[in-house]
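Data block for upload_30.cif (mmCIF, C-alpha atoms and all ligand atoms):
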```
data_query
#
loop_
_atom_site.label_atom_id
_atom_site.label_comp_id
_atom_site.auth_asym_id
_atom_site.auth_seq_id
_atom_site.Cartn_x
_atom_site.Cartn_y
_atom_site.Cartn_z
CA MET A 1254 0.00 0.00 0.00
CA ASP A 1255 1.22 3.50 -0.78
CA ARG A 1256 1.28 6.25 1.84
CA ILE A 1257 -2.18 7.60 0.89
CA GLU A 1258 -3.64 4.10 1.12
CA GLN A 1259 -2.16 3.68 4.58
CA LYS A 1260 -3.65 7.03 5.53
CA ILE A 1261 -7.08 5.88 4.25
CA CYS A 1262 -6.91 2.80 6.49
CA GLU A 1263 -5.71 4.87 9.47
CA ILE A 1264 -8.55 7.38 9.13
CA ILE A 1265 -11.16 4.61 8.89
CA ASP A 1266 -9.67 2.77 11.89
CA SER A 1267 -9.56 5.97 13.93
CA LYS A 1268 -13.32 6.42 13.25
CA LYS A 1269 -14.26 2.78 13.68
CA GLU A 1270 -16.47 3.32 16.76
CA GLU A 1271 -18.39 6.05 14.94
CA ILE A 1272 -18.72 3.89 11.81
CA MET A 1273 -19.97 0.86 13.76
CA ALA A 1274 -22.43 3.03 15.70
CA PHE A 1275 -23.82 4.34 12.41
CA GLY A 1276 -24.23 0.77 11.09
CA ARG A 1277 -25.98 -0.33 14.30
CA ASP A 1278 -28.29 2.68 14.27
CA ILE A 1279 -29.40 2.03 10.68
CA PHE A 1280 -29.77 -1.70 11.44
CA CYS A 1281 -32.18 -0.93 14.31
CA HIS A 1282 -34.21 1.67 12.36
CA ALA A 1283 -34.99 -0.24 9.18
CA GLU A 1284 -37.26 1.34 6.59
CA LEU A 1285 -38.92 -0.02 3.46
CA GLY A 1286 -38.09 1.19 -0.04
CA PHE A 1287 -39.12 4.73 -1.06
CA LYS A 1288 -39.89 5.37 2.63
CA GLU A 1289 -36.27 5.66 3.85
CA THR A 1290 -36.66 9.20 5.19
CA ARG A 1291 -34.85 8.68 8.50
CA THR A 1292 -32.09 6.67 6.83
CA SER A 1293 -31.47 9.21 4.08
CA GLY A 1294 -31.55 12.00 6.67
CA LYS A 1295 -28.77 10.24 8.62
CA PHE A 1296 -26.74 9.87 5.43
CA VAL A 1297 -27.16 13.58 4.62
CA GLU A 1298 -26.00 14.49 8.17
CA GLU A 1299 -22.79 12.49 7.67
CA MET A 1300 -22.10 14.06 4.26
CA LYS A 1301 -22.62 17.56 5.70
CA LYS A 1302 -20.28 16.80 8.61
CA LEU A 1303 -17.63 16.07 5.96
CA GLY A 1304 -18.27 19.42 4.29
CA MET A 1305 -20.25 18.11 1.32
CA ASP A 1306 -23.60 19.33 0.02
CA ALA A 1307 -26.35 16.81 -0.59
CA GLU A 1308 -28.85 16.58 -3.44
CA THR A 1309 -31.91 14.96 -1.88
CA GLY A 1310 -35.28 13.66 -3.01
CA LEU A 1311 -33.83 11.76 -5.99
CA ALA A 1312 -36.27 8.93 -6.79
CA ILE A 1313 -38.13 10.08 -3.64
CA THR A 1314 -35.48 9.31 -0.97
CA GLY A 1315 -32.18 9.01 -2.88
CA VAL A 1316 -29.19 11.25 -2.10
CA LYS A 1317 -26.04 12.29 -4.00
CA SER A 1318 -23.06 14.11 -2.50
CA TYR A 1319 -20.01 15.06 -4.53
CA LEU A 1320 -16.48 14.94 -3.15
CA LYS A 1321 -15.43 17.89 -5.33
CA PRO A 1322 -17.84 20.61 -6.50
CA LYS A 1323 -20.02 19.18 -9.26
CA GLY A 1324 -18.67 20.00 -12.70
CA SER A 1325 -15.37 21.34 -11.32
CA THR A 1326 -13.31 18.38 -12.50
CA GLU A 1327 -12.18 16.84 -15.76
CA GLY A 1328 -12.54 13.14 -16.21
CA PRO A 1329 -14.78 10.41 -14.95
CA THR A 1330 -17.20 10.45 -12.03
CA LEU A 1331 -17.30 7.33 -9.88
CA ALA A 1332 -20.53 6.65 -7.95
CA VAL A 1333 -19.92 4.92 -4.62
CA ILE A 1334 -23.33 3.43 -3.93
CA GLY A 1335 -25.02 2.20 -0.76
CA GLU A 1336 -28.60 0.96 -0.60
CA MET A 1337 -30.89 2.13 2.19
CA ASP A 1338 -33.91 -0.13 2.22
CA ALA A 1339 -34.93 -3.13 4.31
CA LEU A 1340 -37.51 -5.93 4.26
CA PRO A 1341 -40.97 -6.32 5.81
CA ILE A 1342 -39.85 -8.90 8.39
CA PRO A 1343 -41.44 -7.71 11.68
CA ASN A 1344 -40.50 -10.83 13.67
CA HIS A 1345 -36.78 -10.03 13.63
CA PRO A 1346 -35.67 -9.04 17.17
CA ASP A 1347 -34.23 -5.75 15.85
CA ALA A 1348 -37.15 -4.92 13.56
CA TRP A 1349 -38.11 -1.27 14.04
CA SER A 1350 -41.53 -1.15 15.70
CA GLU A 1351 -42.52 1.95 13.71
CA THR A 1352 -42.09 0.28 10.31
CA GLY A 1353 -42.15 -3.47 10.94
CA ALA A 1354 -39.05 -3.60 8.75
CA SER A 1355 -35.70 -5.22 9.43
CA HIS A 1356 -32.33 -5.25 7.69
CA CYS A 1357 -32.39 -8.96 6.82
CA CYS A 1358 -30.60 -8.24 3.53
CA GLY A 1359 -27.79 -6.27 5.19
CA HIS A 1360 -28.20 -3.08 3.16
CA ASN A 1361 -27.31 -1.10 6.30
CA ALA A 1362 -23.72 -2.32 5.82
CA GLN A 1363 -23.65 -0.90 2.30
CA LEU A 1364 -24.66 2.55 3.45
CA THR A 1365 -22.29 2.37 6.42
CA GLY A 1366 -19.44 1.35 4.13
CA VAL A 1367 -20.10 4.37 1.91
CA VAL A 1368 -20.18 6.71 4.94
CA GLY A 1369 -16.94 5.23 6.31
CA ALA A 1370 -15.27 5.49 2.89
CA ALA A 1371 -16.38 9.13 2.58
CA MET A 1372 -14.71 9.93 5.92
CA ALA A 1373 -11.36 8.85 4.46
CA LEU A 1374 -11.77 10.06 0.87
CA ALA A 1375 -12.86 13.55 2.02
CA ASP A 1376 -9.47 14.06 3.66
CA PRO A 1377 -7.97 16.93 1.60
CA GLU A 1378 -4.72 15.12 0.85
CA VAL A 1379 -6.56 11.94 -0.20
CA ALA A 1380 -9.07 13.86 -2.33
CA ALA A 1381 -6.28 15.81 -4.04
CA ALA A 1382 -4.51 12.57 -5.00
CA MET A 1383 -7.46 11.44 -7.12
CA GLY A 1384 -8.53 12.50 -10.62
CA GLY A 1385 -12.14 12.94 -11.70
CA ASN A 1386 -14.86 13.14 -9.08
CA ILE A 1387 -16.56 10.84 -6.62
CA CYS A 1388 -20.28 10.86 -5.97
CA PHE A 1389 -21.44 9.23 -2.74
CA MET A 1390 -24.90 7.90 -3.46
CA ALA A 1391 -27.62 6.57 -1.16
CA ALA A 1392 -30.01 4.50 -3.27
CA PRO A 1393 -33.61 3.68 -2.33
CA ALA A 1394 -35.72 0.57 -2.77
CA GLU A 1395 -33.65 -2.35 -4.03
CA GLU A 1396 -36.11 -4.89 -2.62
CA TYR A 1397 -39.20 -5.27 -4.80
CA VAL A 1398 -41.72 -5.32 -1.93
CA ASP A 1399 -44.64 -3.23 -0.64
CA VAL A 1400 -45.98 -3.35 -4.19
CA GLU A 1401 -49.37 -1.76 -3.42
CA TYR A 1402 -47.71 1.34 -1.89
CA ARG A 1403 -45.54 1.70 -4.98
CA ALA A 1404 -48.54 1.18 -7.27
CA GLY A 1405 -50.18 4.10 -5.41
CA LEU A 1406 -47.10 6.28 -5.99
CA MET A 1407 -47.19 5.30 -9.65
CA LYS A 1408 -50.84 6.32 -9.96
CA GLU A 1409 -49.95 9.67 -8.35
CA GLY A 1410 -47.17 10.09 -10.92
CA LYS A 1411 -44.45 10.14 -8.24
CA LEU A 1412 -42.88 6.91 -9.42
CA ARG A 1413 -42.74 5.12 -12.74
CA TYR A 1414 -40.59 2.02 -12.18
CA GLY A 1415 -40.63 -0.26 -9.14
CA GLY A 1416 -36.89 -0.33 -8.31
CA GLY A 1417 -34.80 2.44 -6.76
CA LYS A 1418 -31.89 2.40 -9.19
CA CYS A 1419 -34.26 2.11 -12.16
CA GLU A 1420 -35.93 5.30 -10.94
CA LEU A 1421 -32.58 6.98 -10.27
CA ILE A 1422 -31.58 6.22 -13.86
CA ARG A 1423 -34.94 7.47 -15.18
CA VAL A 1424 -34.77 10.80 -13.33
CA GLY A 1425 -31.21 11.40 -14.56
CA ALA A 1426 -29.28 10.75 -11.33
CA PHE A 1427 -26.83 8.55 -13.25
CA ASP A 1428 -26.46 10.92 -16.23
CA ASP A 1429 -23.16 12.34 -14.94
CA VAL A 1430 -21.86 9.01 -13.60
CA ASP A 1431 -19.33 7.01 -15.68
CA ILE A 1432 -18.52 4.05 -13.46
CA ALA A 1433 -20.11 2.58 -10.30
CA LEU A 1434 -18.87 0.83 -7.18
CA GLY A 1435 -21.32 -1.31 -5.22
CA HIS A 1436 -21.47 -3.88 -2.45
CA HIS A 1437 -23.65 -6.55 -0.87
CA SER A 1438 -23.35 -8.37 2.44
CA MET A 1439 -22.98 -12.13 2.40
CA PRO A 1440 -23.10 -14.36 5.47
CA GLY A 1441 -20.46 -17.06 5.87
CA MET A 1442 -17.51 -15.35 4.16
CA ASP A 1443 -15.16 -12.43 4.73
CA PHE A 1444 -15.16 -10.84 1.28
CA GLY A 1445 -15.00 -11.52 -2.44
CA LEU A 1446 -15.76 -10.37 -5.98
CA TYR A 1447 -19.46 -10.15 -6.81
CA ASN A 1448 -19.10 -10.39 -10.55
CA GLY A 1449 -21.50 -13.03 -11.85
CA SER A 1450 -24.43 -12.54 -14.17
CA SER A 1451 -28.04 -12.51 -12.99
CA ASN A 1452 -31.56 -12.79 -14.34
CA GLY A 1453 -33.65 -9.76 -15.23
CA PHE A 1454 -37.41 -9.78 -14.77
CA VAL A 1455 -40.86 -8.27 -15.21
CA ASN A 1456 -43.78 -8.53 -12.78
CA LYS A 1457 -47.38 -9.14 -13.74
CA THR A 1458 -50.68 -8.57 -11.97
CA VAL A 1459 -53.32 -10.66 -13.73
CA THR A 1460 -57.06 -10.29 -13.13
CA PHE A 1461 -59.57 -12.75 -14.58
CA THR A 1462 -63.19 -11.61 -14.58
CA GLY A 1463 -66.09 -14.02 -14.94
CA ARG A 1464 -69.69 -14.21 -13.81
CA SER A 1465 -70.95 -15.48 -10.46
CA ALA A 1466 -73.55 -18.20 -10.19
CA HIS A 1467 -74.68 -20.83 -7.67
CA ALA A 1468 -71.82 -23.34 -7.78
CA ALA A 1469 -74.06 -26.34 -7.09
CA ALA A 1470 -77.51 -25.41 -8.41
CA ALA A 1471 -76.55 -23.61 -11.64
CA PRO A 1472 -72.81 -23.63 -12.34
CA HIS A 1473 -73.55 -23.60 -16.09
CA GLU A 1474 -74.91 -20.07 -15.67
CA GLY A 1475 -71.58 -18.83 -14.34
CA VAL A 1476 -68.29 -18.01 -16.01
CA ASP A 1477 -65.63 -19.31 -13.66
CA ALA A 1478 -62.61 -17.05 -13.24
CA LEU A 1479 -60.87 -19.74 -11.19
CA ASN A 1480 -61.15 -22.10 -14.15
CA ALA A 1481 -59.49 -19.45 -16.28
CA ALA A 1482 -56.65 -19.18 -13.74
CA THR A 1483 -56.31 -22.97 -13.65
CA ALA A 1484 -56.11 -23.14 -17.44
CA ALA A 1485 -53.57 -20.31 -17.36
CA LEU A 1486 -51.32 -22.21 -14.94
CA VAL A 1487 -51.40 -25.25 -17.25
CA ASN A 1488 -50.78 -23.13 -20.36
CA ILE A 1489 -47.82 -21.43 -18.68
CA ALA A 1490 -46.36 -24.77 -17.56
CA LEU A 1491 -46.63 -26.05 -21.14
CA GLN A 1492 -44.42 -23.18 -22.39
CA GLN A 1493 -41.50 -24.71 -20.51
CA GLU A 1494 -40.06 -26.66 -23.44
CA SER A 1495 -40.03 -23.52 -25.59
CA PHE A 1496 -37.40 -21.98 -23.29
CA ARG A 1497 -33.69 -22.53 -23.95
CA ASP A 1498 -31.75 -23.94 -20.97
CA GLU A 1499 -29.10 -21.20 -21.26
CA ASP A 1500 -31.74 -18.49 -20.82
CA THR A 1501 -32.50 -19.70 -17.23
CA ILE A 1502 -36.15 -18.66 -17.48
CA ARG A 1503 -38.09 -18.62 -14.21
CA VAL A 1504 -41.85 -18.10 -14.19
CA HIS A 1505 -43.21 -18.06 -10.66
CA GLY A 1506 -46.13 -16.64 -8.80
CA PHE A 1507 -49.32 -17.31 -6.90
CA VAL A 1508 -53.07 -16.82 -6.90
CA SER A 1509 -53.55 -13.79 -4.66
CA GLU A 1510 -57.38 -13.79 -4.76
CA GLY A 1511 -59.11 -17.06 -5.65
CA GLY A 1512 -62.79 -16.41 -5.08
CA THR A 1513 -65.13 -15.55 -2.23
CA ALA A 1514 -67.17 -18.61 -1.21
CA ILE A 1515 -67.37 -22.36 -1.63
CA ASN A 1516 -70.78 -22.24 -3.29
CA VAL A 1517 -70.19 -19.26 -5.55
CA ILE A 1518 -68.59 -19.45 -8.98
CA ALA A 1519 -65.67 -16.98 -8.77
CA ASP A 1520 -66.17 -13.86 -10.84
CA HIS A 1521 -62.82 -12.32 -9.87
CA VAL A 1522 -59.45 -14.05 -9.52
CA THR A 1523 -56.06 -12.35 -9.39
CA MET A 1524 -52.56 -13.74 -9.81
CA GLN A 1525 -49.14 -12.18 -9.21
CA TYR A 1526 -46.37 -13.42 -11.49
CA SER A 1527 -42.69 -12.78 -12.11
CA VAL A 1528 -41.01 -13.72 -15.39
CA ARG A 1529 -37.20 -13.84 -15.24
CA GLY A 1530 -34.42 -14.64 -17.68
CA LYS A 1531 -30.73 -14.25 -18.39
CA THR A 1532 -31.08 -11.57 -21.08
CA PRO A 1533 -33.69 -8.89 -21.86
CA GLU A 1534 -34.38 -10.68 -25.17
CA ALA A 1535 -35.00 -13.97 -23.35
CA TYR A 1536 -37.34 -12.69 -20.67
CA ARG A 1537 -39.26 -10.51 -23.09
CA ASP A 1538 -39.92 -13.68 -25.12
CA ALA A 1539 -41.00 -15.56 -21.97
CA SER A 1540 -43.19 -12.64 -20.93
CA LEU A 1541 -45.01 -12.70 -24.30
CA LYS A 1542 -45.53 -16.48 -23.94
CA VAL A 1543 -47.01 -15.98 -20.47
CA ASP A 1544 -49.33 -13.29 -21.87
CA ARG A 1545 -50.60 -15.54 -24.65
CA SER A 1546 -51.14 -18.34 -22.09
CA LEU A 1547 -53.28 -16.00 -20.02
CA LYS A 1548 -55.27 -14.76 -23.01
CA ALA A 1549 -55.84 -18.31 -24.26
CA ALA A 1550 -57.15 -19.27 -20.81
CA ALA A 1551 -59.56 -16.32 -20.87
CA MET A 1552 -60.74 -17.24 -24.34
CA ALA A 1553 -61.23 -20.91 -23.47
CA THR A 1554 -63.44 -20.09 -20.49
CA GLY A 1555 -65.22 -16.97 -21.77
CA CYS A 1556 -63.61 -14.85 -19.04
CA GLY A 1557 -62.02 -11.47 -19.47
CA VAL A 1558 -58.44 -10.83 -18.43
CA THR A 1559 -56.37 -7.77 -17.57
CA ILE A 1560 -52.60 -8.19 -17.64
CA GLU A 1561 -50.65 -5.36 -16.01
CA THR A 1562 -46.93 -5.77 -16.67
CA LEU A 1563 -44.35 -3.72 -14.77
CA PRO A 1564 -40.67 -3.66 -15.68
CA GLY A 1565 -38.48 -5.13 -12.94
CA TYR A 1566 -34.69 -5.20 -13.03
CA MET A 1567 -32.26 -5.74 -15.88
CA SER A 1568 -30.02 -8.80 -16.18
CA GLY A 1569 -26.70 -8.43 -14.35
CA VAL A 1570 -23.59 -8.05 -16.51
CA PRO A 1571 -20.09 -9.04 -15.30
CA ASN A 1572 -17.24 -6.53 -15.54
CA ASN A 1573 -14.04 -7.63 -17.33
CA HIS A 1574 -11.95 -5.43 -15.04
CA THR A 1575 -11.74 -6.77 -11.51
CA GLU A 1576 -7.99 -6.30 -11.04
CA VAL A 1577 -8.27 -3.17 -8.87
CA LEU A 1578 -10.84 -4.70 -6.54
CA ASP A 1579 -8.89 -7.98 -6.47
CA SER A 1580 -5.71 -6.13 -5.44
CA VAL A 1581 -7.59 -4.43 -2.57
CA LEU A 1582 -9.05 -7.71 -1.31
CA LYS A 1583 -5.59 -9.31 -1.44
CA ASP A 1584 -4.10 -6.41 0.55
CA LEU A 1585 -6.83 -6.67 3.20
CA THR A 1586 -6.42 -10.43 3.60
CA ASP A 1587 -4.76 -11.25 6.92
CA GLU A 1588 -4.81 -13.92 9.61
CA LYS A 1589 -8.26 -12.90 10.78
CA TYR A 1590 -9.95 -12.14 7.47
CA ASN A 1591 -9.04 -14.61 4.75
CA LYS A 1592 -12.25 -16.48 3.96
CA ARG A 1593 -12.69 -15.29 0.42
CA PHE A 1594 -15.40 -16.35 -1.99
CA ASP A 1595 -15.46 -14.93 -5.51
CA MET A 1596 -18.48 -15.04 -7.75
CA GLY A 1597 -16.98 -14.84 -11.24
CA PRO A 1598 -18.51 -14.30 -14.70
CA GLU A 1599 -19.01 -18.06 -15.05
CA MET A 1600 -21.51 -17.98 -12.18
CA HIS A 1601 -25.13 -17.09 -12.87
CA MET A 1602 -27.71 -16.14 -10.29
CA THR A 1603 -31.36 -16.76 -11.25
CA GLY A 1604 -32.46 -14.07 -8.79
CA SER A 1605 -32.26 -10.38 -9.67
CA ASP A 1606 -30.82 -7.11 -8.39
CA ASP A 1607 -31.23 -3.57 -9.69
CA PHE A 1608 -27.44 -3.20 -9.84
CA GLY A 1609 -28.14 -5.05 -13.13
CA ASP A 1610 -29.72 -1.82 -14.40
CA VAL A 1611 -26.56 0.12 -13.53
CA ALA A 1612 -24.34 -2.54 -15.15
CA THR A 1613 -26.45 -2.30 -18.32
CA LEU A 1614 -25.32 1.31 -18.78
CA MET A 1615 -21.82 1.53 -17.25
CA PRO A 1616 -19.07 -0.61 -15.73
CA LEU A 1617 -19.91 -1.81 -12.23
CA VAL A 1618 -17.26 -2.86 -9.72
CA HIS A 1619 -19.10 -4.98 -7.18
CA PHE A 1620 -17.99 -6.85 -4.05
CA TYR A 1621 -19.27 -8.87 -1.12
CA SER A 1622 -18.32 -8.68 2.51
CA GLY A 1623 -19.35 -10.67 5.57
CA GLY A 1624 -19.87 -10.12 9.28
CA TYR A 1625 -23.38 -11.57 9.18
CA THR A 1626 -24.85 -14.98 10.02
CA GLY A 1627 -28.18 -16.47 9.00
CA SER A 1628 -29.75 -16.58 5.58
CA LEU A 1629 -30.61 -13.33 3.83
CA HIS A 1630 -34.31 -12.39 3.74
CA ASN A 1631 -34.87 -14.48 6.88
CA PRO A 1632 -35.44 -13.34 10.49
CA ASP A 1633 -32.35 -15.30 11.63
CA VAL A 1634 -29.98 -12.69 10.10
CA ARG A 1635 -27.58 -11.23 12.72
CA VAL A 1636 -24.54 -8.97 12.59
CA THR A 1637 -21.89 -11.04 14.36
CA ASP A 1638 -18.75 -9.06 13.44
CA GLU A 1639 -19.38 -5.32 13.25
CA TYR A 1640 -15.75 -4.57 12.37
CA LEU A 1641 -15.95 -6.78 9.28
CA ALA A 1642 -19.51 -5.79 8.32
CA TYR A 1643 -18.94 -2.04 8.58
CA VAL A 1644 -15.27 -1.07 8.96
CA VAL A 1645 -13.66 -3.55 6.54
CA THR A 1646 -16.47 -2.80 4.09
CA ALA A 1647 -15.63 0.92 4.36
CA LYS A 1648 -11.95 0.14 3.69
CA ILE A 1649 -12.79 -1.92 0.59
CA PHE A 1650 -15.01 0.88 -0.72
CA ALA A 1651 -12.40 3.56 0.00
CA LEU A 1652 -9.31 1.73 -1.24
CA THR A 1653 -11.05 0.53 -4.42
CA ALA A 1654 -12.34 4.04 -5.14
CA TYR A 1655 -8.87 5.48 -4.53
CA ARG A 1656 -7.10 2.93 -6.74
CA LEU A 1657 -9.63 3.49 -9.55
CA MET A 1658 -9.21 7.27 -9.35
CA LYS A 1659 -5.53 7.78 -8.49
CA ASP A 1660 -3.02 8.80 -11.20
CA GLY A 1661 -5.64 10.91 -12.97
CA ALA A 1662 -8.25 8.12 -12.67
CA ALA A 1663 -6.15 5.88 -14.94
CA ALA A 1664 -7.72 2.56 -13.88
CA ALA A 1665 -11.28 3.95 -14.01
CA LYS A 1666 -10.61 5.35 -17.50
CA GLU A 1667 -9.28 1.99 -18.70
CA ASN A 1668 -12.35 0.19 -17.39
CA ILE A 1669 -14.71 2.73 -18.98
CA ALA A 1670 -12.87 2.53 -22.34
CA ASP A 1671 -13.14 -1.27 -22.40
CA TYR A 1672 -16.78 -1.40 -21.40
CA LYS A 1673 -19.46 -1.92 -24.06
CA PRO A 1674 -22.84 -0.73 -22.77
CA VAL A 1675 -25.62 -3.28 -23.17
CA MET A 1676 -27.92 -0.32 -23.83
CA SER A 1677 -27.70 3.46 -24.00
CA LYS A 1678 -29.87 5.32 -21.50
CA ASP A 1679 -32.42 6.04 -24.26
CA GLU A 1680 -32.54 2.37 -25.22
CA TYR A 1681 -32.90 1.45 -21.55
CA ILE A 1682 -35.86 3.80 -21.08
CA ALA A 1683 -37.43 2.55 -24.33
CA PHE A 1684 -37.05 -1.06 -23.13
CA MET A 1685 -38.52 -0.28 -19.71
CA GLU A 1686 -41.44 1.57 -21.30
CA SER A 1687 -42.07 -1.35 -23.68
CA MET A 1688 -42.40 -3.56 -20.59
CA LEU A 1689 -44.83 -1.18 -18.88
CA THR A 1690 -48.10 -2.33 -20.41
CA THR A 1691 -51.71 -3.04 -19.58
CA GLU A 1692 -53.51 -5.47 -21.86
CA GLU A 1693 -57.21 -6.11 -21.61
CA VAL A 1694 -59.31 -8.86 -23.17
CA ALA A 1695 -63.08 -8.45 -22.77
CA PRO A 1696 -65.14 -11.39 -21.47
CA THR A 1697 -66.76 -13.44 -24.25
CA PRO A 1698 -69.37 -15.67 -22.55
CA LEU A 1699 -71.79 -17.51 -24.83
CA PRO A 1700 -75.55 -17.27 -24.30
CA ILE A 1701 -76.76 -19.66 -21.58
CA VAL A 1702 -78.36 -22.73 -23.16
CA GLY A 1703 -82.07 -23.01 -22.33
CA LYS A 1704 -82.45 -19.38 -21.18
ZN ZN B 1801 -30.09 -7.11 -0.87
#
```
Would you put the structure from the file into structure tokens?
Amino acid sequence: MDRIEQKICEIIDSKKEEIMAFGRDIFCHAELGFKETRTSGKFVEEMKKLGMDAETGLAITGVKSYLKPKGSTEGPTLAVIGEMDALPIPNHPDAWSETGASHCCGHNAQLTGVVGAAMALADPEVAAAMGGNICFMAAPAEEYVDVEYRAGLMKEGKLRYGGGKCELIRVGAFDDVDIALGHHSMPGMDFGLYNGSSNGFVNKTVTFTGRSAHAAAAPHEGVDALNAATAALVNIALQQESFRDEDTIRVHGFVSEGGTAINVIADHVTMQYSVRGKTPEAYRDASLKVDRSLKAAAMATGCGVTIETLPGYMSGVPNNHTEVLDSVLKDLTDEKYNKRFDMGPEMHMTGSDDFGDVATLMPLVHFYSGGYTGSLHNPDVRVTDEYLAYVVTAKIFALTAYRLMKDGAAAAKENIADYKPVMSKDEYIAFMESMLTTEEVAPTPLPIVGK
């Protein structure tokens, strides 16, 4: 490590109590996506303490703070990103009673790592040793939950896409960003590269409408919406062999309203579905096949159907340049922290993450760190090593940012030059809009025989 890098580690270690207290505070005051007002307020306070301004209200609760005055520098801007949101898991012992949310995905460590990194990178000597600019970003709503609240915001025109980074991209918060640095917590390991691919997805709310009738005395007078849903499930299952193995298509969901009474033919049945795949082309194809399955089910039963499709997240794209991050992880490996697990480009995750949207537009340098036990999205998640979860995470953020931006941002520039965007921002918005559709098929019941 050079002298500046040693200084970065010394500053972070000298503030470790403060950093761990911040992480603990956010952990115990978890908030759901697009509602992270306390969390973003705490982030703004920390940025202001370091002498930085904060742009707030980006995608409702998002924040950006620039290390150097915005527009004052030549060269690339690196976004150092921490997510703010938590999960609706009220039975976690540290769930916040006011929200019923808990940090069972460890996003509090991301935000804490960004705050700890900012403490070191804002040192005047450290800042002066870097080219370009750094933007510390607090991102809302990575978890796709609380869907009804978001649907309400969408109807009010306050939100258009369901994910925080998707919205940040839409409102232009990434327009001046050239390269991104992100993190996720991972139980059972110390740290590693998070550089696999992942599935993208769309979500669907499907409503079948039929006609009620007495289910025992006169079922032939009804039009059964539950039959339409049943036919739809079979039709969707039969699409399976039309999917290529390499596209890792996942179609999964549930019947969220299945009728009202045992002796009433259901006139209203709703289903929630996700359609995922390895590439936008692949999951768009699967999404169209699901739609035709639903419409065929409506036609077969005489029901009507409304299919509301919302764009989810884009497929994750590995970065070819992991040498800077790899060098940092090697330098931080010691007797205590050496359990490394790398997810490389050969590894594919069939889940999804809105860092995929960022990686669609610009190079993303992405890492894991530990300090947690339990399984993510489960109430058994605990922070068991605060130093690793928060302080080591801050060091990885800070050292990686520094090494990307030192020497006139040479490494960042190399990564940006070698990166081929999957889409331009305009193409991204056009794709998202093409996935934001409502299709309606009117009911077509036949006349009742004998009436
Ligand atoms: Zn997460």
Can you find the residues with an atom no farther than 8 Å from (-31.9, 2.3, 2.2), counting only C-alpha atoms, and report them as number ranges by chain? A: 1284-1286, 1289, 1292-1293, 1335-1339, 1360-1361, 1364, 1391-1395
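The contact shell of ligand ZN 1801 (chain B), defined as all polymer residues within 8 Å when all atoms listed in the file are used, comprises Cys1358, Gly1359, His1360, Glu1395, Glu1396, His1437, Ser1438, Asp1606 and Leu1629 of chain A.
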I want to know what sits within 10 Å of His1473 in chain A, based on all atoms listed in the file, with residues of the same chain fewer than 5 positions away left out; could you give that as a list in words?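 Residues near the query, excluding close chain neighbours: Ala1466, His1467, Ala1468, Ile1518, Ile1701 and Val1702 of chain A.
You can rank A:Gln1363, A:Asn1386, A:Asn1516, A:Ser1580 by their closest distance to Ala1470 in chain A using all atoms listed in the file, and at the top of that list sits A:Asn1516.
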Nearest to Met1658 in chain A among A:Gly1276, A:Met1300, A:Lys1408, A:Ala1433, with distances taken over all atoms listed in the file: which residue is it?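 Among A:Gly1276, A:Met1300, A:Lys1408, A:Ala1433, it is A:Ala1433 that comes nearest to Met1658 in chain A.
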Tell me, in Å to one decimal, how far CA of Ala1478 in chain A is from CA of Gly1415 in chain A. 28.0 Å
Nearby residues (only C-alpha atoms) at most 10 Å from Thr1523 in chain A, same-chain spacing under 6 positions excluded, as a PyMOL selection string: chain A and resi 1458-1462+1478-1479+1482+1507-1512+1558-1560
If you measure from CA of Thr1290 in chain A to CA of Met1685 in chain A, what distance in Å do you get, rounded to one decimal?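 About the pair CA of Thr1290 in chain A and CA of Met1685 in chain A: they are 26.7 Å apart.
From CA of Ile1432 in chain A back to CA of Ala1371 in chain A, the distance works out to 17.0 Å.
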As an MDAnalysis selection string, please: the residues near Asp1306 in chain A (cut-off 10 Å, only C-alpha atoms, same-chain neighbours under 5 positions excluded). chainID A and resid 1297:1298 1300:1301 1317:1323
A:Tyr1655, A:Phe1608, A:Tyr1681, A:Tyr1643: which is nearest Met1383 in chain A, counting all atoms listed in the file?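 Answer, going by the shortest atom-to-atom distance: A:Tyr1655.
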Which of these residues is nearest to Val1400 in chain A, using all atoms listed in the file: A:Lys1457, A:Gly1441, A:Asn1631, A:Glu1692?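 Ranked by minimum distance to Val1400 in chain A, first place goes to A:Lys1457.
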